[in-house]
>>> print(open('upload12.cif').read())   # mmCIF, C-alpha atoms and all ligand atoms; chains and numbers go by the auth columns
data_query
loop_
_atom_site.group_PDB
_atom_site.id
_atom_site.type_symbol
_atom_site.label_atom_id
_atom_site.label_comp_id
_atom_site.label_asym_id
_atom_site.label_seq_id
_atom_site.Cartn_x
_atom_site.Cartn_y
_atom_site.Cartn_z
_atom_site.B_iso_or_equiv
_atom_site.auth_seq_id
_atom_site.auth_asym_id
ATOM 1 C CA MET A 1 28.424 18.286 31.569 0.00 1 A
ATOM 2 C CA GLY A 2 27.398 15.414 29.282 0.00 2 A
ATOM 3 C CA LYS A 3 25.635 12.325 30.593 0.00 3 A
ATOM 4 C CA THR A 4 25.702 8.669 29.641 0.00 4 A
ATOM 5 C CA HIS A 5 22.205 7.343 29.036 0.00 5 A
ATOM 6 C CA VAL A 6 21.638 3.585 29.044 0.00 6 A
ATOM 7 C CA LEU A 7 18.564 2.988 26.908 0.00 7 A
ATOM 8 C CA ASP A 8 16.875 0.215 28.845 0.00 8 A
ATOM 9 C CA HIS A 9 13.591 0.078 26.938 0.00 9 A
ATOM 10 C CA PRO A 10 12.526 -3.597 26.789 0.00 10 A
ATOM 11 C CA LEU A 11 12.285 -3.569 22.985 0.00 11 A
ATOM 12 C CA ILE A 12 15.864 -2.291 22.703 0.00 12 A
ATOM 13 C CA GLN A 13 17.149 -4.840 25.218 0.00 13 A
ATOM 14 C CA HIS A 14 15.257 -7.710 23.559 0.00 14 A
ATOM 15 C CA LYS A 15 16.580 -6.885 20.103 0.00 15 A
ATOM 16 C CA LEU A 16 20.128 -6.355 21.419 0.00 16 A
ATOM 17 C CA THR A 17 20.112 -9.914 22.737 0.00 17 A
ATOM 18 C CA PHE A 18 19.602 -11.275 19.213 0.00 18 A
ATOM 19 C CA ILE A 19 22.155 -8.827 17.800 0.00 19 A
ATOM 20 C CA ARG A 20 24.718 -10.206 20.262 0.00 20 A
ATOM 21 C CA ASP A 21 23.893 -13.861 19.480 0.00 21 A
ATOM 22 C CA LYS A 22 26.583 -15.361 17.224 0.00 22 A
ATOM 23 C CA ASN A 23 23.951 -17.509 15.494 0.00 23 A
ATOM 24 C CA THR A 24 22.151 -14.443 14.114 0.00 24 A
ATOM 25 C CA GLY A 25 22.942 -14.169 10.395 0.00 25 A
ATOM 26 C CA ALA A 26 23.819 -11.003 8.454 0.00 26 A
ATOM 27 C CA LYS A 27 20.291 -10.319 7.127 0.00 27 A
ATOM 28 C CA GLU A 28 18.657 -10.511 10.533 0.00 28 A
ATOM 29 C CA PHE A 29 21.596 -8.687 12.129 0.00 29 A
ATOM 30 C CA ARG A 30 21.175 -5.744 9.724 0.00 30 A
ATOM 31 C CA GLU A 31 17.412 -5.615 10.287 0.00 31 A
ATOM 32 C CA LEU A 32 17.808 -5.665 14.060 0.00 32 A
ATOM 33 C CA VAL A 33 20.493 -2.951 14.047 0.00 33 A
ATOM 34 C CA GLU A 34 18.192 -0.772 11.949 0.00 34 A
ATOM 35 C CA GLU A 35 15.257 -1.395 14.298 0.00 35 A
ATOM 36 C CA VAL A 36 17.291 -0.622 17.410 0.00 36 A
ATOM 37 C CA ALA A 37 18.615 2.566 15.782 0.00 37 A
ATOM 38 C CA MET A 38 15.020 3.622 15.110 0.00 38 A
ATOM 39 C CA LEU A 39 14.060 3.025 18.736 0.00 39 A
ATOM 40 C CA MET A 40 17.148 4.943 19.839 0.00 40 A
ATOM 41 C CA ALA A 41 16.141 7.891 17.625 0.00 41 A
ATOM 42 C CA TYR A 42 13.024 8.173 19.776 0.00 42 A
ATOM 43 C CA GLU A 43 15.118 8.460 22.954 0.00 43 A
ATOM 44 C CA VAL A 44 17.817 10.734 21.517 0.00 44 A
ATOM 45 C CA THR A 45 15.305 13.319 20.304 0.00 45 A
ATOM 46 C CA ARG A 46 13.430 13.426 23.622 0.00 46 A
ATOM 47 C CA ASP A 47 14.829 16.890 24.491 0.00 47 A
ATOM 48 C CA PHE A 48 13.915 18.537 21.183 0.00 48 A
ATOM 49 C CA PRO A 49 11.863 21.653 21.923 0.00 49 A
ATOM 50 C CA LEU A 50 8.326 21.989 20.580 0.00 50 A
ATOM 51 C CA GLU A 51 6.505 25.020 19.277 0.00 51 A
ATOM 52 C CA LYS A 52 2.801 25.667 19.018 0.00 52 A
ATOM 53 C CA ILE A 53 1.102 26.096 15.686 0.00 53 A
ATOM 54 C CA GLU A 54 -2.487 26.443 14.667 0.00 54 A
ATOM 55 C CA ILE A 55 -4.025 23.813 12.407 0.00 55 A
ATOM 56 C CA GLU A 56 -7.461 22.970 11.106 0.00 56 A
ATOM 57 C CA THR A 57 -8.660 19.534 12.083 0.00 57 A
ATOM 58 C CA PRO A 58 -11.782 18.292 10.259 0.00 58 A
ATOM 59 C CA VAL A 59 -13.694 19.442 13.360 0.00 59 A
ATOM 60 C CA GLN A 60 -12.244 22.847 14.344 0.00 60 A
ATOM 61 C CA THR A 61 -9.173 25.053 14.635 0.00 61 A
ATOM 62 C CA ALA A 62 -6.694 23.620 17.135 0.00 62 A
ATOM 63 C CA GLU A 63 -3.382 24.504 18.693 0.00 63 A
ATOM 64 C CA ALA A 64 -0.925 21.667 18.173 0.00 64 A
ATOM 65 C CA HIS A 65 2.801 21.063 18.560 0.00 65 A
ATOM 66 C CA ILE A 66 5.597 20.556 16.097 0.00 66 A
ATOM 67 C CA ILE A 67 9.352 20.239 16.608 0.00 67 A
ATOM 68 C CA ALA A 68 10.788 23.760 16.719 0.00 68 A
ATOM 69 C CA GLY A 69 12.931 24.351 13.673 0.00 69 A
ATOM 70 C CA ARG A 70 15.474 21.660 14.425 0.00 70 A
ATOM 71 C CA LYS A 71 17.999 20.761 11.737 0.00 71 A
ATOM 72 C CA VAL A 72 19.533 17.373 12.364 0.00 72 A
ATOM 73 C CA GLY A 73 22.692 15.827 10.932 0.00 73 A
ATOM 74 C CA LEU A 74 23.395 12.116 11.204 0.00 74 A
ATOM 75 C CA VAL A 75 27.085 11.270 11.113 0.00 75 A
ATOM 76 C CA PRO A 76 27.771 7.551 10.801 0.00 76 A
ATOM 77 C CA ILE A 77 31.363 6.469 11.364 0.00 77 A
ATOM 78 C CA LEU A 78 32.201 4.177 8.447 0.00 78 A
ATOM 79 C CA ARG A 79 31.707 1.392 8.057 0.00 79 A
ATOM 80 C CA ALA A 80 29.615 0.011 10.870 0.00 80 A
ATOM 81 C CA GLY A 81 27.795 3.273 11.626 0.00 81 A
ATOM 82 C CA LEU A 82 26.083 2.916 8.240 0.00 82 A
ATOM 83 C CA GLY A 83 23.960 0.128 9.713 0.00 83 A
ATOM 84 C CA MET A 84 22.233 2.645 11.993 0.00 84 A
ATOM 85 C CA VAL A 85 21.434 5.336 9.415 0.00 85 A
ATOM 86 C CA ASN A 86 18.192 4.062 7.886 0.00 86 A
ATOM 87 C CA GLY A 87 16.612 3.316 11.245 0.00 87 A
ATOM 88 C CA MET A 88 17.288 6.886 12.367 0.00 88 A
ATOM 89 C CA LEU A 89 16.092 8.324 9.048 0.00 89 A
ATOM 90 C CA ASN A 90 12.791 6.470 9.445 0.00 90 A
ATOM 91 C CA LEU A 91 11.989 8.755 12.376 0.00 91 A
ATOM 92 C CA ILE A 92 13.981 11.859 11.346 0.00 92 A
ATOM 93 C CA PRO A 93 13.498 11.873 7.565 0.00 93 A
ATOM 94 C CA ALA A 94 14.645 15.471 7.069 0.00 94 A
ATOM 95 C CA ALA A 95 18.068 14.782 8.589 0.00 95 A
ATOM 96 C CA LYS A 96 21.090 15.219 6.344 0.00 96 A
ATOM 97 C CA VAL A 97 23.774 12.546 6.492 0.00 97 A
ATOM 98 C CA GLY A 98 27.505 13.244 6.720 0.00 98 A
ATOM 99 C CA HIS A 99 30.090 10.473 6.669 0.00 99 A
ATOM 100 C CA ILE A 100 33.363 10.103 8.520 0.00 100 A
ATOM 101 C CA GLY A 101 35.582 7.199 7.468 0.00 101 A
ATOM 102 C CA LEU A 102 37.761 5.795 10.243 0.00 102 A
ATOM 103 C CA TYR A 103 39.193 2.365 10.769 0.00 103 A
ATOM 104 C CA ARG A 104 40.960 1.044 13.779 0.00 104 A
ATOM 105 C CA ASP A 105 44.531 -0.025 13.119 0.00 105 A
ATOM 106 C CA PRO A 106 44.507 -3.639 14.351 0.00 106 A
ATOM 107 C CA GLU A 107 47.995 -3.298 15.892 0.00 107 A
ATOM 108 C CA THR A 108 47.790 0.071 17.617 0.00 108 A
ATOM 109 C CA LEU A 109 43.942 0.202 17.930 0.00 109 A
ATOM 110 C CA LYS A 110 44.295 3.894 16.952 0.00 110 A
ATOM 111 C CA PRO A 111 41.766 5.342 14.502 0.00 111 A
ATOM 112 C CA VAL A 112 42.957 6.119 10.962 0.00 112 A
ATOM 113 C CA GLU A 113 40.894 8.622 8.974 0.00 113 A
ATOM 114 C CA TYR A 114 40.199 7.892 5.300 0.00 114 A
ATOM 115 C CA TYR A 115 37.057 9.824 4.352 0.00 115 A
ATOM 116 C CA CYS A 116 34.973 12.828 5.347 0.00 116 A
ATOM 117 C CA LYS A 117 31.967 14.408 3.658 0.00 117 A
ATOM 118 C CA LEU A 118 29.678 16.580 5.751 0.00 118 A
ATOM 119 C CA PRO A 119 26.639 18.723 4.881 0.00 119 A
ATOM 120 C CA PRO A 120 27.684 22.345 4.170 0.00 120 A
ATOM 121 C CA ASP A 121 25.599 23.687 7.071 0.00 121 A
ATOM 122 C CA THR A 122 27.022 21.256 9.636 0.00 122 A
ATOM 123 C CA THR A 123 27.613 24.067 12.143 0.00 123 A
ATOM 124 C CA GLU A 124 23.865 24.821 12.288 0.00 124 A
ATOM 125 C CA ARG A 125 22.772 21.223 12.835 0.00 125 A
ATOM 126 C CA ASP A 126 22.232 19.046 15.878 0.00 126 A
ATOM 127 C CA LEU A 127 24.619 16.233 15.059 0.00 127 A
ATOM 128 C CA ILE A 128 24.064 12.611 16.029 0.00 128 A
ATOM 129 C CA VAL A 129 27.219 10.530 15.640 0.00 129 A
ATOM 130 C CA LEU A 130 26.437 6.877 14.964 0.00 130 A
ATOM 131 C CA ASP A 131 28.714 3.936 15.671 0.00 131 A
ATOM 132 C CA PRO A 132 27.487 0.587 16.962 0.00 132 A
ATOM 133 C CA MET A 133 30.614 0.030 19.072 0.00 133 A
ATOM 134 C CA LEU A 134 32.290 2.333 21.610 0.00 134 A
ATOM 135 C CA ALA A 135 35.333 0.226 22.498 0.00 135 A
ATOM 136 C CA THR A 136 38.552 2.134 23.333 0.00 136 A
ATOM 137 C CA GLY A 137 36.668 5.291 22.333 0.00 137 A
ATOM 138 C CA GLY A 138 39.442 6.240 19.903 0.00 138 A
ATOM 139 C CA SER A 139 37.141 6.386 16.870 0.00 139 A
ATOM 140 C CA ALA A 140 34.390 8.344 18.615 0.00 140 A
ATOM 141 C CA VAL A 141 36.843 10.833 20.162 0.00 141 A
ATOM 142 C CA ALA A 142 38.511 11.366 16.766 0.00 142 A
ATOM 143 C CA ALA A 143 35.171 11.819 14.974 0.00 143 A
ATOM 144 C CA ILE A 144 33.956 14.330 17.570 0.00 144 A
ATOM 145 C CA ASN A 145 37.304 16.209 17.415 0.00 145 A
ATOM 146 C CA PHE A 146 36.852 16.390 13.715 0.00 146 A
ATOM 147 C CA LEU A 147 33.302 17.748 13.931 0.00 147 A
ATOM 148 C CA LYS A 148 34.248 20.314 16.568 0.00 148 A
ATOM 149 C CA LYS A 149 37.155 21.537 14.408 0.00 149 A
ATOM 150 C CA ARG A 150 34.578 22.169 11.692 0.00 150 A
ATOM 151 C CA GLY A 151 32.526 24.285 14.075 0.00 151 A
ATOM 152 C CA ALA A 152 29.892 21.773 15.215 0.00 152 A
ATOM 153 C CA ARG A 153 28.054 23.136 18.253 0.00 153 A
ATOM 154 C CA SER A 154 25.687 20.315 19.201 0.00 154 A
ATOM 155 C CA ILE A 155 26.789 16.673 19.150 0.00 155 A
ATOM 156 C CA LYS A 156 25.356 13.484 20.646 0.00 156 A
ATOM 157 C CA LEU A 157 26.933 10.051 20.371 0.00 157 A
ATOM 158 C CA VAL A 158 24.770 6.961 19.871 0.00 158 A
ATOM 159 C CA CYS A 159 26.082 3.405 20.050 0.00 159 A
ATOM 160 C CA LEU A 160 24.583 -0.036 20.523 0.00 160 A
ATOM 161 C CA LEU A 161 27.184 -1.203 23.045 0.00 161 A
ATOM 162 C CA ALA A 162 29.834 0.634 25.041 0.00 162 A
ATOM 163 C CA ALA A 163 32.810 -0.501 27.083 0.00 163 A
ATOM 164 C CA PRO A 164 33.543 1.407 30.304 0.00 164 A
ATOM 165 C CA GLU A 165 36.937 2.311 28.789 0.00 165 A
ATOM 166 C CA GLY A 166 35.279 3.975 25.783 0.00 166 A
ATOM 167 C CA ILE A 167 32.830 5.942 27.893 0.00 167 A
ATOM 168 C CA LYS A 168 35.714 7.201 30.061 0.00 168 A
ATOM 169 C CA ALA A 169 37.715 8.237 26.987 0.00 169 A
ATOM 170 C CA VAL A 170 34.803 10.226 25.523 0.00 170 A
ATOM 171 C CA GLU A 171 33.945 11.790 28.890 0.00 171 A
ATOM 172 C CA GLU A 172 37.556 12.921 29.346 0.00 172 A
ATOM 173 C CA ALA A 173 38.054 14.251 25.816 0.00 173 A
ATOM 174 C CA HIS A 174 34.554 15.676 25.341 0.00 174 A
ATOM 175 C CA PRO A 175 32.861 16.303 28.696 0.00 175 A
ATOM 176 C CA ASP A 176 30.058 18.225 26.949 0.00 176 A
ATOM 177 C CA ILE A 177 28.818 15.232 24.924 0.00 177 A
ATOM 178 C CA ASP A 178 25.832 13.054 25.844 0.00 178 A
ATOM 179 C CA ILE A 179 26.339 9.346 25.102 0.00 179 A
ATOM 180 C CA PHE A 180 23.376 7.058 24.388 0.00 180 A
ATOM 181 C CA THR A 181 24.007 3.315 24.543 0.00 181 A
ATOM 182 C CA GLY A 182 21.997 0.122 24.773 0.00 182 A
ATOM 183 C CA SER A 183 24.434 -1.361 27.286 0.00 183 A
ATOM 184 C CA ILE A 184 27.626 -0.747 29.224 0.00 184 A
ATOM 185 C CA ASP A 185 29.422 -4.061 28.856 0.00 185 A
ATOM 186 C CA SER A 186 32.118 -5.503 31.129 0.00 186 A
ATOM 187 C CA TYR A 187 35.515 -4.709 29.624 0.00 187 A
ATOM 188 C CA LEU A 188 37.751 -4.774 26.518 0.00 188 A
ATOM 189 C CA ASN A 189 39.784 -7.880 25.744 0.00 189 A
ATOM 190 C CA ASP A 190 43.431 -7.849 24.578 0.00 190 A
ATOM 191 C CA HIS A 191 42.326 -7.286 20.959 0.00 191 A
ATOM 192 C CA GLY A 192 40.217 -4.281 21.919 0.00 192 A
ATOM 193 C CA TYR A 193 36.933 -6.173 21.529 0.00 193 A
ATOM 194 C CA ILE A 194 34.026 -5.449 23.823 0.00 194 A
ATOM 195 C CA VAL A 195 33.221 -8.335 26.211 0.00 195 A
ATOM 196 C CA PRO A 196 30.687 -9.872 25.976 0.00 196 A
ATOM 197 C CA GLY A 197 29.924 -7.556 23.033 0.00 197 A
ATOM 198 C CA LEU A 198 28.705 -8.753 19.656 0.00 198 A
ATOM 199 C CA GLY A 199 31.965 -9.379 17.788 0.00 199 A
ATOM 200 C CA ASP A 200 33.031 -7.209 14.873 0.00 200 A
ATOM 201 C CA ALA A 201 30.061 -5.017 13.996 0.00 201 A
ATOM 202 C CA GLY A 202 31.290 -4.108 10.488 0.00 202 A
ATOM 203 C CA ASP A 203 32.016 -7.707 9.564 0.00 203 A
ATOM 204 C CA ARG A 204 28.672 -8.934 10.881 0.00 204 A
ATOM 205 C CA LEU A 205 26.767 -6.179 9.019 0.00 205 A
ATOM 206 C CA PHE A 206 28.529 -6.631 5.718 0.00 206 A
ATOM 207 C CA GLY A 207 29.478 -10.319 5.845 0.00 207 A
ATOM 208 C CA THR A 208 33.188 -9.666 5.464 0.00 208 A
ATOM 209 C CA LYS A 209 34.360 -12.447 7.749 0.00 209 A
HETATM 210 C C1 LIG B . 34.909 -0.582 14.792 0.00 301 A
HETATM 211 C C2 LIG B . 33.602 0.066 15.206 0.00 301 A
HETATM 212 C C3 LIG B . 34.048 1.410 15.691 0.00 301 A
HETATM 213 C C4 LIG B . 35.406 1.130 16.262 0.00 301 A
HETATM 214 C C5 LIG B . 35.272 1.136 17.754 0.00 301 A
HETATM 215 O O1 LIG B . 35.290 -0.122 13.562 0.00 301 A
HETATM 216 O O2 LIG B . 32.658 0.133 14.180 0.00 301 A
HETATM 217 O O3 LIG B . 34.150 2.378 14.655 0.00 301 A
HETATM 218 O O4 LIG B . 35.796 -0.162 15.819 0.00 301 A
HETATM 219 O O5 LIG B . 36.492 0.946 18.341 0.00 301 A
HETATM 220 P P1 LIG B . 37.229 2.063 19.189 0.00 301 A
HETATM 221 O O6 LIG B . 36.218 2.601 20.143 0.00 301 A
HETATM 222 O O7 LIG B . 38.309 1.265 19.883 0.00 301 A
HETATM 223 O O8 LIG B . 37.779 3.089 18.272 0.00 301 A
HETATM 224 P P2 LIG B . 36.444 -0.829 12.694 0.00 301 A
HETATM 225 O O9 LIG B . 37.757 -0.167 12.915 0.00 301 A
HETATM 226 O O10 LIG B . 36.418 -2.302 12.944 0.00 301 A
HETATM 227 O O11 LIG B . 36.041 -0.455 11.224 0.00 301 A
HETATM 228 P P3 LIG B . 34.752 -0.899 10.390 0.00 301 A
HETATM 229 O O12 LIG B . 33.559 -0.184 10.995 0.00 301 A
HETATM 230 O O13 LIG B . 35.099 -0.408 9.026 0.00 301 A
HETATM 231 O O14 LIG B . 34.616 -2.387 10.466 0.00 301 A
HETATM 232 N N1 LIG B . 34.795 -2.857 17.067 0.00 302 A
HETATM 233 C C1 LIG B . 33.912 -3.861 16.895 0.00 302 A
HETATM 234 O O1 LIG B . 33.346 -4.022 15.805 0.00 302 A
HETATM 235 N N2 LIG B . 33.683 -4.685 17.924 0.00 302 A
HETATM 236 C C2 LIG B . 34.270 -4.534 19.134 0.00 302 A
HETATM 237 O O2 LIG B . 33.997 -5.325 20.057 0.00 302 A
HETATM 238 C C3 LIG B . 35.188 -3.483 19.277 0.00 302 A
HETATM 239 C C4 LIG B . 35.427 -2.650 18.236 0.00 302 A
#
>>> encode(input="upload12.cif", output="structure tokens", more="lines below")
Ligand code: PRP
Ligand code: URA
Amino acid sequence: MGKTHVLDHPLIQHKLTFIRDKNTGAKEFRELVEEVAMLMAYEVTRDFPLEKIEIETPVQTAEAHIIAGRKVGLVPILRAGLGMVNGMLNLIPAAKVGHIGLYRDPETLKPVEYYCKLPPDTTERDLIVLDPMLATGGSAVAAINFLKKRGARSIKLVCLLAAPEGIKAVEEAHPDIDIFTGSIDSYLNDHGYIVPGLGDAGDRLFGTK
């Protein structure tokens, strides 16, 4: 059974406050999203197993630990998930990046797929799906469906903010998935926006509004 983890590290919470602030401009917004994604990478990889190896320090032979043969795939949901990729890659540089293009139809709030390009060995990788916003959960559920249909065996979902409605939708559709979020906000408004939220993540990242 998957769990929802609220990442309450003070650095994450501090930076999220400025991400939420409507007076934060696009440049600072992008930098903060990248920084928070990097901090989240630290938490999301906490369960990666280690193996012992022998190395030579300048002083003597020593047993030390490295991550045990993990192959990671980052899967940002376009567009806004792109804002989290570089932060994650800073800490997991060997990860491959697959992209899933989904947009939310503004009338129905249902996700519409327009792009998909995944690494060829997706089934062997621990996948980390990235999307700053888990609102109705439609986009995340669709992306995870998509990955499972292609044989993915290990998937985690990472978002900056989640609405209770989105968490419920993912838990119901994909009870095996762990969700990592910086906050569980109050509710969704009539336009499907997270309240208090941060507004439209894609528009704030790319300056399209
Ligand atoms: C936003 C956001 C998520 C989705 C979340 O994308 O980045 O992908 O909405 O909403 P949901 O949980 O209700 O599906 P949007 O459709 O605005 O596209 P964009 O990232 O291209 O701006
Ligand atoms: N997508 C966003 O970008 N913001 C929300 O609040 C909900 C969905």
>>> resolve_selection(input="upload12.cif", expression="the PyMOL selection byres (((not hetatm)) within 12 of (chain A and resi 302))", output="PyMOL selection string")
chain A and resi 20+77-81+83+102-106+109-111+131-140+159-163+165-166+185-206+208-209
>>> closest_residue(input="upload12.cif", among="A:Val97, A:Ile128, A:Leu11, A:Cys116", to="Asp178 of chain A", atoms="all atoms listed in the file")
A:Ile128
>>> axis_aligned_box(input="upload12.cif", around="segment 112-120 of chain A", padding_each_side="3 Å", output="AutoDock Vina command-line options")
--center_x 34.8 --center_y 14.2 --center_z 7.3 --size_x 22.3 --size_y 22.2 --size_z 13.3
>>> closest_residue(input="upload12.cif", among="A:Ala37, A:Val158, A:Val59, A:Met1", to="His174 of chain A", atoms="only C-alpha atoms")
A:Met1
>>> residues_around(input="upload12.cif", residues="Val36 of chain A", least_positions_apart="2", cutoff="12 Å", atoms="only C-alpha atoms", output="short mmCIF file (atom, residue, chain, number, x, y, z; two decimals) with C-alpha atoms, in the coordinates of the input")
data_model
loop_
_atom_site.label_atom_id
_atom_site.label_comp_id
_atom_site.auth_asym_id
_atom_site.auth_seq_id
_atom_site.Cartn_x
_atom_site.Cartn_y
_atom_site.Cartn_z
CA LEU A 7 18.56 2.99 26.91
CA ASP A 8 16.88 0.22 28.84
CA HIS A 9 13.59 0.08 26.94
CA PRO A 10 12.53 -3.60 26.79
CA LEU A 11 12.28 -3.57 22.98
CA ILE A 12 15.86 -2.29 22.70
CA GLN A 13 17.15 -4.84 25.22
CA HIS A 14 15.26 -7.71 23.56
CA LYS A 15 16.58 -6.88 20.10
CA LEU A 16 20.13 -6.36 21.42
CA THR A 17 20.11 -9.91 22.74
CA PHE A 18 19.60 -11.28 19.21
CA ILE A 19 22.16 -8.83 17.80
CA PHE A 29 21.60 -8.69 12.13
CA ARG A 30 21.18 -5.74 9.72
CA GLU A 31 17.41 -5.62 10.29
CA LEU A 32 17.81 -5.66 14.06
CA VAL A 33 20.49 -2.95 14.05
CA GLU A 34 18.19 -0.77 11.95
CA MET A 38 15.02 3.62 15.11
CA LEU A 39 14.06 3.02 18.74
CA MET A 40 17.15 4.94 19.84
CA ALA A 41 16.14 7.89 17.62
CA TYR A 42 13.02 8.17 19.78
CA GLU A 43 15.12 8.46 22.95
CA GLY A 83 23.96 0.13 9.71
CA MET A 84 22.23 2.64 11.99
CA VAL A 85 21.43 5.34 9.41
CA ASN A 86 18.19 4.06 7.89
CA GLY A 87 16.61 3.32 11.24
CA MET A 88 17.29 6.89 12.37
CA ASN A 90 12.79 6.47 9.44
CA LEU A 91 11.99 8.76 12.38
CA PRO A 132 27.49 0.59 16.96
CA VAL A 158 24.77 6.96 19.87
CA CYS A 159 26.08 3.40 20.05
CA LEU A 160 24.58 -0.04 20.52
CA LEU A 161 27.18 -1.20 23.04
CA THR A 181 24.01 3.32 24.54
CA GLY A 182 22.00 0.12 24.77
#
>>> atom_distance(input="upload12.cif", atom1="atom CA of Pro164 of chain A", atom2="atom CA of Asp47 of chain A")
25.0 Å
>>> atom_distance(input="upload12.cif", atom1="atom CA of Lys96 of chain A", atom2="atom CA of Val72 of chain A")
6.6 Å
>>> closest_residue(input="upload12.cif", among="A:Ala142, A:Leu50, A:Ile179, A:Leu89", to="ligand LIG 301 (chain A)", atoms="all atoms listed in the file")
A:Ala142
>>> resolve_selection(input="upload12.cif", expression="the PyMOL selection byres (((chain A and resi 154) around 12) and not hetatm)", output="VMD selection string")
chain A and resid 2 70 to 74 122 to 129 144 147 to 148 150 to 153 155 to 157 174 176 to 178
>>> write_last_selection(input="upload12.cif", atoms="C-alpha atoms", output="compact mmCIF listing (two decimals), in the frame of the given file")
# COMPACT_ATOMS: atom_id res chain seq x y z
CA GLY A 2 27.40 15.41 29.28
CA ARG A 70 15.47 21.66 14.42
CA LYS A 71 18.00 20.76 11.74
CA VAL A 72 19.53 17.37 12.36
CA GLY A 73 22.69 15.83 10.93
CA LEU A 74 23.40 12.12 11.20
CA THR A 122 27.02 21.26 9.64
CA THR A 123 27.61 24.07 12.14
CA GLU A 124 23.86 24.82 12.29
CA ARG A 125 22.77 21.22 12.84
CA ASP A 126 22.23 19.05 15.88
CA LEU A 127 24.62 16.23 15.06
CA ILE A 128 24.06 12.61 16.03
CA VAL A 129 27.22 10.53 15.64
CA ILE A 144 33.96 14.33 17.57
CA LEU A 147 33.30 17.75 13.93
CA LYS A 148 34.25 20.31 16.57
CA ARG A 150 34.58 22.17 11.69
CA GLY A 151 32.53 24.28 14.08
CA ALA A 152 29.89 21.77 15.22
CA ARG A 153 28.05 23.14 18.25
CA ILE A 155 26.79 16.67 19.15
CA LYS A 156 25.36 13.48 20.65
CA LEU A 157 26.93 10.05 20.37
CA HIS A 174 34.55 15.68 25.34
CA ASP A 176 30.06 18.23 26.95
CA ILE A 177 28.82 15.23 24.92
CA ASP A 178 25.83 13.05 25.84
>>> atom_distance(input="upload12.cif", atom1="atom CA of Ala68 of chain A", atom2="atom CA of Ile53 of chain A")
10.0 Å
>>> closest_residue(input="upload12.cif", among="A:Glu28, A:Asp121, A:Glu172, A:Glu113", to="ligand LIG 301 (chain A)", atoms="all atoms listed in the file")
A:Glu113
>>> closest_residue(input="upload12.cif", among="A:Ala143, A:Asp21, A:Ile92, A:Glu54", to="ligand LIG 301 (chain A)", atoms="all atoms listed in the file")
A:Ala143
>>> closest_residue(input="upload12.cif", among="A:Ala95, A:Glu171, A:Thr24, A:Leu82", to="ligand LIG 301 (chain A)", atoms="only C-alpha atoms and all ligand atoms")
A:Leu82
>>> resolve_selection(input="upload12.cif", expression="the PyMOL selection byres (((chain A and resi 115) around 6) and not hetatm)", output="number ranges by chain")
A: 100-101, 114, 116
